[in-house]
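I have placed the structure first, in the form of structure tokens, so that the comments after it can refer back to it.
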Amino acid sequence: MSHSSLRIIRDEHSALSAMLRSFSMMVREGEPVASERDNYFAVLRSMLFYIDEFPEKLHHAKETQFLFPSVARARPDLTQAIERLDRDHHQGESSVRELMHLLIAWECMGESRRAAFQQEVERYVRFYLEHMQTEETQIIPAAHEALTEVEWKALDAHFELHLDPFVSPDHANGPYRDLFERITQNAPAPIGLRGS
């Protein structure tokens with residue numbers, strides 16, 4: 001049977017992976033010519049805001065509060081992996097704040113601050129991709145096999161709240177419309193349209 005929560009988790013992981021790849025690509029390309037500088041930093045800040053606003057605060061919270069406890073009850077052998085993923089979730093928001101600080105330092109203080117930001121971006125992207133891989137190769141298959149229909153119904157209801165605008169463009173209206181458009185119009189593929 002198909003469960004909307006599994007589809008949402010996978011779709012949100014795909015959206016985040018695309019965002020991280022586009023973000024990393026923009027950082028590797030480096031600061032553009034002076035006439036595009038303000039927009040360049042505005043887009044990077046917007047991407048970090050998105051990561052903090054959706055994956056960190058909403059997606060992770062739903063996994064930690066609803067998915068992980070259900071899987072841990074059904075599969076105690078995954079307790080260590082779940083504890084590590086939970087620690088990752090708790091560390092995530094502070095990692096985004098550190099990235100934002102390093103980005104603003106580069107923007108305000110110049111080239112001497114660029115290397116520290118780039119190194120932290122590479123570390124963060126690597127960390128996040130490994131985190132999602134663990135969820136998709138260990139936690140999701142275990143959930144699929146072990147959870148009851150009652151548990152799935154509850155999970156589906158929780159995951160259907162607060163849909164990510166990059167997964168469900170209908171949710172890109174309202175307060176997130178400008179953010180969605182700024183990123184998609186100015187970031188490179190796979191999340192944006194630049195260069196396509």
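Residues are referred to by chain and number: the chain letter is A, B, ... according to the order shown in the structure tokens, the number counts from 1 in that chain, and ligands are numbered separately from 1 in the order shown.
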Next item on the list: With a distance cut-off of 9 Å and only C-alpha atoms, select the neighbouring residues of region 20-33 of chain A, excluding the residue or stretch itself and same-chain residues fewer than 3 positions from it, and output the selection as an NGL selection string.
Entry: :A and (15-17 or 36-37 or 40-41 or 44 or 47-48 or 51 or 114 or 117-118 or 121-122 or 125 or 128-129 or 187-192)
Once you have the residues from the selection above, write them out as an mmCIF file, in the first residue's frame, restricted to N, CA, C and O atoms.
```cif
data_model
loop_
_atom_site.group_PDB
_atom_site.id
_atom_site.type_symbol
_atom_site.label_atom_id
_atom_site.label_comp_id
_atom_site.auth_asym_id
_atom_site.auth_seq_id
_atom_site.Cartn_x
_atom_site.Cartn_y
_atom_site.Cartn_z
ATOM 1 N N ALA A 15 13.975 17.464 -3.021
ATOM 2 C CA ALA A 15 14.011 18.928 -3.118
ATOM 3 C C ALA A 15 15.208 19.486 -2.372
ATOM 4 O O ALA A 15 15.907 20.381 -2.864
ATOM 5 N N LEU A 16 15.473 18.953 -1.182
ATOM 6 C CA LEU A 16 16.606 19.439 -0.405
ATOM 7 C C LEU A 16 17.926 19.086 -1.084
ATOM 8 O O LEU A 16 18.845 19.908 -1.131
ATOM 9 N N SER A 17 18.034 17.873 -1.632
ATOM 10 C CA SER A 17 19.260 17.494 -2.349
ATOM 11 C C SER A 17 19.511 18.438 -3.520
ATOM 12 O O SER A 17 20.648 18.871 -3.754
ATOM 13 N N GLU A 36 26.254 42.144 -10.314
ATOM 14 C CA GLU A 36 25.397 41.027 -9.902
ATOM 15 C C GLU A 36 25.643 40.600 -8.467
ATOM 16 O O GLU A 36 25.009 39.671 -7.973
ATOM 17 N N ARG A 37 26.563 41.282 -7.787
ATOM 18 C CA ARG A 37 26.985 40.870 -6.446
ATOM 19 C C ARG A 37 25.838 40.851 -5.435
ATOM 20 O O ARG A 37 25.669 39.878 -4.697
ATOM 21 N N TYR A 40 23.515 37.953 -6.018
ATOM 22 C CA TYR A 40 24.198 36.691 -5.709
ATOM 23 C C TYR A 40 24.082 36.372 -4.218
ATOM 24 O O TYR A 40 23.640 35.284 -3.832
ATOM 25 N N PHE A 41 24.432 37.319 -3.367
ATOM 26 C CA PHE A 41 24.376 37.080 -1.925
ATOM 27 C C PHE A 41 22.928 36.977 -1.433
ATOM 28 O O PHE A 41 22.633 36.181 -0.538
ATOM 29 N N LEU A 44 21.845 33.390 -2.154
ATOM 30 C CA LEU A 44 22.443 32.446 -1.200
ATOM 31 C C LEU A 44 21.767 32.549 0.169
ATOM 32 O O LEU A 44 21.468 31.530 0.806
ATOM 33 N N MET A 47 18.412 30.839 -0.004
ATOM 34 C CA MET A 47 18.525 29.382 0.012
ATOM 35 C C MET A 47 18.766 28.873 1.431
ATOM 36 O O MET A 47 18.164 27.876 1.855
ATOM 37 N N LEU A 48 19.610 29.565 2.174
ATOM 38 C CA LEU A 48 19.837 29.174 3.573
ATOM 39 C C LEU A 48 18.579 29.361 4.406
ATOM 40 O O LEU A 48 18.265 28.538 5.274
ATOM 41 N N ILE A 51 16.354 26.411 3.748
ATOM 42 C CA ILE A 51 16.839 25.206 4.442
ATOM 43 C C ILE A 51 16.478 25.269 5.916
ATOM 44 O O ILE A 51 16.046 24.276 6.513
ATOM 45 N N ARG A 114 36.039 34.169 2.430
ATOM 46 C CA ARG A 114 35.385 33.242 1.499
ATOM 47 C C ARG A 114 35.744 31.782 1.771
ATOM 48 O O ARG A 114 34.869 30.905 1.756
ATOM 49 N N PHE A 117 33.824 29.998 4.557
ATOM 50 C CA PHE A 117 32.445 29.707 4.162
ATOM 51 C C PHE A 117 32.398 28.504 3.231
ATOM 52 O O PHE A 117 31.599 27.580 3.433
ATOM 53 N N GLN A 118 33.260 28.485 2.230
ATOM 54 C CA GLN A 118 33.258 27.376 1.271
ATOM 55 C C GLN A 118 33.536 26.039 1.956
ATOM 56 O O GLN A 118 32.885 25.038 1.654
ATOM 57 N N VAL A 121 30.425 24.982 3.808
ATOM 58 C CA VAL A 121 29.395 24.531 2.864
ATOM 59 C C VAL A 121 29.675 23.090 2.438
ATOM 60 O O VAL A 121 28.774 22.240 2.444
ATOM 61 N N GLU A 122 30.915 22.796 2.080
ATOM 62 C CA GLU A 122 31.270 21.438 1.652
ATOM 63 C C GLU A 122 31.004 20.433 2.774
ATOM 64 O O GLU A 122 30.457 19.346 2.535
ATOM 65 N N VAL A 125 27.044 20.100 3.279
ATOM 66 C CA VAL A 125 26.389 19.358 2.199
ATOM 67 C C VAL A 125 26.702 17.871 2.319
ATOM 68 O O VAL A 125 25.811 17.019 2.203
ATOM 69 N N TYR A 128 24.737 16.440 5.257
ATOM 70 C CA TYR A 128 23.302 16.354 5.011
ATOM 71 C C TYR A 128 22.960 15.217 4.050
ATOM 72 O O TYR A 128 21.982 14.486 4.241
ATOM 73 N N LEU A 129 23.767 15.053 3.004
ATOM 74 C CA LEU A 129 23.504 13.978 2.047
ATOM 75 C C LEU A 129 23.670 12.611 2.704
ATOM 76 O O LEU A 129 22.882 11.683 2.454
ATOM 77 N N ALA A 187 18.833 30.782 -9.093
ATOM 78 C CA ALA A 187 19.754 29.693 -8.762
ATOM 79 C C ALA A 187 19.946 28.801 -9.976
ATOM 80 O O ALA A 187 19.069 28.720 -10.850
ATOM 81 N N PRO A 188 21.077 28.104 -10.034
ATOM 82 C CA PRO A 188 21.277 27.165 -11.139
ATOM 83 C C PRO A 188 20.458 25.894 -10.934
ATOM 84 O O PRO A 188 19.964 25.621 -9.840
ATOM 85 N N ALA A 189 20.331 25.111 -11.994
ATOM 86 C CA ALA A 189 19.711 23.783 -11.873
ATOM 87 C C ALA A 189 20.571 22.975 -10.888
ATOM 88 O O ALA A 189 21.757 23.248 -10.742
ATOM 89 N N PRO A 190 19.988 22.049 -10.176
ATOM 90 C CA PRO A 190 18.691 21.457 -10.422
ATOM 91 C C PRO A 190 17.505 22.153 -9.745
ATOM 92 O O PRO A 190 16.371 21.856 -10.068
ATOM 93 N N ILE A 191 17.743 23.109 -8.830
ATOM 94 C CA ILE A 191 16.588 23.728 -8.159
ATOM 95 C C ILE A 191 16.082 24.945 -8.913
ATOM 96 O O ILE A 191 14.923 25.278 -8.853
ATOM 97 N N GLY A 192 16.956 25.610 -9.623
ATOM 98 C CA GLY A 192 16.565 26.859 -10.282
ATOM 99 C C GLY A 192 16.578 26.770 -11.793
ATOM 100 O O GLY A 192 16.866 25.733 -12.380
#
```
Notebook entry, point to check: Residues of region 9-166 of chain A in alpha helix (DSSP H) according to DSSP, as a VMD selection string?
Noted result: chain A and resid 9 to 29 37 to 51 60 to 62 68 to 74 79 to 109 114 to 134 140 to 146 149 to 159
Check: When you draw a straight line from CA of His158 (chain A) to CA of Arg177 (chain A), how long is it in Å?
Finding: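 Here the two named atoms are 23.2 Å from each other.
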Item checked: For Pro165 (chain A), the nearest of the candidates A:Glu12, A:Glu149, A:Glu63, A:Asp86, counting only C-alpha atoms -> A:Glu12
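With distances restricted to only C-alpha atoms, A:Glu136 is the closest residue to Ser14 (chain A) from A:Glu136, A:Glu56, A:Glu83, A:Asp88.
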Note to self: Restricting the calculation to only C-alpha atoms: of A:Val71, A:Ile9, A:Ala34, A:Met19, which residue gets closest to Tyr50 (chain A)?
What the structure shows: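 Selected residue with least distance to Tyr50 (chain A): A:Met19.
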Next item on the list: Give me, please, the distance in Å between CA of Ser4 (chain A) and CA of Ala154 (chain A), quoted to one decimal.
Entry: 10.7 Å
Note to self: Between A:Phe159, A:Tyr176, A:His144, A:Tyr124, which residue has the minimum interatomic distance to Gln91 (chain A), considering only C-alpha atoms?
What the structure shows: A:Tyr124
